[in-house]
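Enquirer: Before anything else, here's the structure in question.
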Amino acid sequence: MPEGISLFIGIDLSDPFAKRKRPCTRAILGPALRCTFDDWAYDATGLAIVPPDVFHLPYIVAIDGPQGLAGSSEQGMRLCEQQLGTAGKSPYDFPPIGRPYAGFVCGSVRLFYSLYSSGNFHLHGMPKTKQSEANLIEVYPGSAWSVLAGHRLKKKSLLDGRRARYDLLVRRGLTFAQGYSIERPPTHDQLDAAVAAYLAYLFKSGKTSDYGRNPFEDAGLGLLREGLIVQPAW
């Protein structure tokens, strides 16, 4: 465990505008990369995204979702989204709710700005934030899994795909506190949250690369633009 950091928290966001809302999945890596799961009820203010009983401890939060919108009205997506081929795209303006990924993008961008503006979170890539001080990053498990495995894995919706992801994390030193096994692996949402938390660990360990361009604030609209996606360095 890198010195000075106690917790690595991964958030697999859900769409807060969906007709059938569901909680976000949260993974917490503690000492010795022990992983536990729970749910976090989406709140655009970021309320309790770090559990209140551990908020006093050092932490890094990694969120699977866009932190900002595109930096120019001429762009249909952010640079990091172009580079990594993300499923969701963040245009210059908030997309109308109802379009594919629109609710997910809107909810994520609003959440990131709330966390950034709260003063408790230091977003990676902002001009005044040193990497050693950053405790908020964006990740994209859809691409990270292949980098960590060295090849494309089976779809996460398949049992074999979940087993492969679980096995990959176990081989990298994670243990799971809630009785999961190769025969009964976590859900795909839990696995994405777990790899997000693991990417926070790699980030603190200096074993990640950045894609995209540094985020900047659009204070007039109360949001961030562009932003870096953190990926494994190998």
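For the structure tokens, the naming scheme is as follows: chains receive sequential letters (A, B, ...) according to their order of presentation, residues are indexed from 1 within each chain, and ligands are indexed from 1 in presentation order.
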Under the rule of at most 8 Å, produce a per-residue listing of region 92-180 of chain A near region 212-226 of chain A: chain, number, name, the closest pair of atoms, and the distance in Å, as CSV, using only C-alpha atoms.
Expert:
```
residue,atom,partner,partner_atom,distance
A:Val109,CA,A:Leu223,CA,7.0
A:Arg110,CA,A:Leu223,CA,6.8
A:Phe112,CA,A:Leu224,CA,7.8
A:Tyr113,CA,A:Leu223,CA,5.5
A:Gly125,CA,A:Asn214,CA,5.0
A:Met126,CA,A:Pro215,CA,5.9
```
Enquirer: Filtering to C-alpha atoms, could you give me those residues as a PDB file, in the first residue's frame?
Expert:
```
ATOM      1  CA  VAL A 109     -20.414  15.810 -15.182  1.00  0.00           C
ATOM      2  CA  ARG A 110     -22.584  17.387 -12.488  1.00  0.00           C
ATOM      3  CA  PHE A 112     -17.557  15.816 -10.759  1.00  0.00           C
ATOM      4  CA  TYR A 113     -18.144  19.551 -10.604  1.00  0.00           C
ATOM      5  CA  GLY A 125      -4.889  17.594 -14.037  1.00  0.00           C
ATOM      6  CA  MET A 126      -6.141  20.897 -12.651  1.00  0.00           C
TER       7      MET A 126
END
```
Enquirer: According to DSSP computed on the backbone, where in chain A is there helix (DSSP H, G or I)? Give the residues as number ranges by chain.
Expert: A: 31-33, 52-54, 79-84, 102-118, 141-149, 159-171, 188-204
Enquirer: Keeping only C-alpha atoms, take the residues you just selected and write them out as a PDB file, in the first residue's frame.
Expert:
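Resulting contents of result12.pdb:
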```
ATOM      1  CA  PRO A  31      -5.043  -2.354   3.630  1.00  0.00           C
ATOM      2  CA  ALA A  32      -3.471  -5.249   1.718  1.00  0.00           C
ATOM      3  CA  LEU A  33      -5.866  -4.525  -1.213  1.00  0.00           C
ATOM      4  CA  PRO A  52     -18.712   9.192   6.554  1.00  0.00           C
ATOM      5  CA  ASP A  53     -16.983   6.791   8.940  1.00  0.00           C
ATOM      6  CA  VAL A  54     -13.773   6.852   6.866  1.00  0.00           C
ATOM      7  CA  LEU A  79     -10.065  14.198 -26.664  1.00  0.00           C
ATOM      8  CA  CYS A  80      -9.773  11.337 -24.137  1.00  0.00           C
ATOM      9  CA  GLU A  81     -12.987   9.832 -25.509  1.00  0.00           C
ATOM     10  CA  GLN A  82     -11.581   9.946 -29.025  1.00  0.00           C
ATOM     11  CA  GLN A  83      -8.347   8.319 -27.915  1.00  0.00           C
ATOM     12  CA  LEU A  84      -9.947   5.477 -25.935  1.00  0.00           C
ATOM     13  CA  ALA A 102     -27.252  11.357 -22.080  1.00  0.00           C
ATOM     14  CA  GLY A 103     -28.417  10.846 -18.500  1.00  0.00           C
ATOM     15  CA  PHE A 104     -25.181   9.107 -17.598  1.00  0.00           C
ATOM     16  CA  VAL A 105     -23.094  11.962 -19.023  1.00  0.00           C
ATOM     17  CA  CYS A 106     -25.192  14.675 -17.369  1.00  0.00           C
ATOM     18  CA  GLY A 107     -25.163  12.959 -13.992  1.00  0.00           C
ATOM     19  CA  SER A 108     -21.431  12.304 -14.068  1.00  0.00           C
ATOM     20  CA  VAL A 109     -20.414  15.810 -15.182  1.00  0.00           C
ATOM     21  CA  ARG A 110     -22.584  17.387 -12.488  1.00  0.00           C
ATOM     22  CA  LEU A 111     -21.170  15.057  -9.847  1.00  0.00           C
ATOM     23  CA  PHE A 112     -17.557  15.816 -10.759  1.00  0.00           C
ATOM     24  CA  TYR A 113     -18.144  19.551 -10.604  1.00  0.00           C
ATOM     25  CA  SER A 114     -19.770  19.258  -7.197  1.00  0.00           C
ATOM     26  CA  LEU A 115     -16.847  17.260  -5.864  1.00  0.00           C
ATOM     27  CA  TYR A 116     -14.302  19.622  -7.394  1.00  0.00           C
ATOM     28  CA  SER A 117     -16.002  22.774  -6.125  1.00  0.00           C
ATOM     29  CA  SER A 118     -16.515  21.367  -2.613  1.00  0.00           C
ATOM     30  CA  PRO A 141     -12.757   0.173 -17.142  1.00  0.00           C
ATOM     31  CA  GLY A 142     -13.932  -0.695 -20.663  1.00  0.00           C
ATOM     32  CA  SER A 143     -10.414  -0.002 -21.906  1.00  0.00           C
ATOM     33  CA  ALA A 144      -8.447  -0.678 -18.717  1.00  0.00           C
ATOM     34  CA  TRP A 145      -9.423  -4.357 -18.534  1.00  0.00           C
ATOM     35  CA  SER A 146      -7.770  -5.127 -21.875  1.00  0.00           C
ATOM     36  CA  VAL A 147      -4.615  -3.247 -20.918  1.00  0.00           C
ATOM     37  CA  LEU A 148      -4.296  -5.131 -17.620  1.00  0.00           C
ATOM     38  CA  ALA A 149      -4.981  -8.508 -19.243  1.00  0.00           C
ATOM     39  CA  LEU A 159     -20.110 -15.610 -16.654  1.00  0.00           C
ATOM     40  CA  ASP A 160     -16.777 -16.474 -18.281  1.00  0.00           C
ATOM     41  CA  GLY A 161     -16.095 -12.759 -18.717  1.00  0.00           C
ATOM     42  CA  ARG A 162     -16.789 -12.086 -15.056  1.00  0.00           C
ATOM     43  CA  ARG A 163     -14.625 -15.014 -14.027  1.00  0.00           C
ATOM     44  CA  ALA A 164     -11.744 -13.765 -16.161  1.00  0.00           C
ATOM     45  CA  ARG A 165     -11.973 -10.289 -14.607  1.00  0.00           C
ATOM     46  CA  TYR A 166     -12.183 -11.685 -11.094  1.00  0.00           C
ATOM     47  CA  ASP A 167      -9.173 -13.952 -11.714  1.00  0.00           C
ATOM     48  CA  LEU A 168      -7.200 -11.031 -13.141  1.00  0.00           C
ATOM     49  CA  LEU A 169      -7.758  -8.929 -10.020  1.00  0.00           C
ATOM     50  CA  VAL A 170      -6.916 -11.820  -7.694  1.00  0.00           C
ATOM     51  CA  ARG A 171      -3.665 -12.419  -9.567  1.00  0.00           C
ATOM     52  CA  HIS A 188     -19.982  -6.959 -13.653  1.00  0.00           C
ATOM     53  CA  ASP A 189     -20.848  -3.654 -11.946  1.00  0.00           C
ATOM     54  CA  GLN A 190     -18.900  -4.720  -8.867  1.00  0.00           C
ATOM     55  CA  LEU A 191     -15.951  -5.787 -10.981  1.00  0.00           C
ATOM     56  CA  ASP A 192     -15.890  -2.449 -12.809  1.00  0.00           C
ATOM     57  CA  ALA A 193     -15.984  -0.665  -9.446  1.00  0.00           C
ATOM     58  CA  ALA A 194     -13.171  -2.895  -8.180  1.00  0.00           C
ATOM     59  CA  VAL A 195     -10.929  -2.203 -11.157  1.00  0.00           C
ATOM     60  CA  ALA A 196     -11.670   1.511 -10.773  1.00  0.00           C
ATOM     61  CA  ALA A 197     -10.427   1.319  -7.175  1.00  0.00           C
ATOM     62  CA  TYR A 198      -7.403  -0.656  -8.349  1.00  0.00           C
ATOM     63  CA  LEU A 199      -6.631   2.050 -10.910  1.00  0.00           C
ATOM     64  CA  ALA A 200      -6.661   4.575  -8.049  1.00  0.00           C
ATOM     65  CA  TYR A 201      -4.073   2.380  -6.333  1.00  0.00           C
ATOM     66  CA  LEU A 202      -1.941   2.230  -9.498  1.00  0.00           C
ATOM     67  CA  PHE A 203      -2.288   5.998  -9.905  1.00  0.00           C
ATOM     68  CA  LYS A 204      -0.878   6.592  -6.434  1.00  0.00           C
TER      69      LYS A 204
END
```
Enquirer: Between CA of Asp15 (chain A) and CA of Leu69 (chain A), what is the distance in Å, rounded to a tenth?
Expert: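 Computing the Euclidean distance for CA of Asp15 (chain A) and CA of Leu69 (chain A) yields 16.6 Å.
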Enquirer: Neighbouring residues of Gly76 (chain A) were defined as those with any atom within 7 Å, considering only C-alpha atoms; residues of the same chain fewer than 6 positions away were excluded. Please report them as a ChimeraX atom specification.
Expert: /A:70,91-92
Enquirer: Go through region 40-227 of chain A and collect every residue that DSSP, computed from the backbone, puts in strand (DSSP E or B); the answer should be as number ranges by chain.
Expert: A: 40, 59-64, 69, 97, 99, 123, 136-139, 175-176, 208-218, 223-227
Enquirer: What gap, in Å, lies between CA of Gly65 (chain A) and CA of Thr36 (chain A)?
Expert: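 Calculated distance between CA of Gly65 (chain A) and CA of Thr36 (chain A) is 20.6 Å.
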Enquirer: My list of candidates is A:Lys155, A:Pro58, A:Arg78, A:Arg26. Which is closest to Ser14 (chain A) when distances are computed with only C-alpha atoms?
Expert: A:Arg26
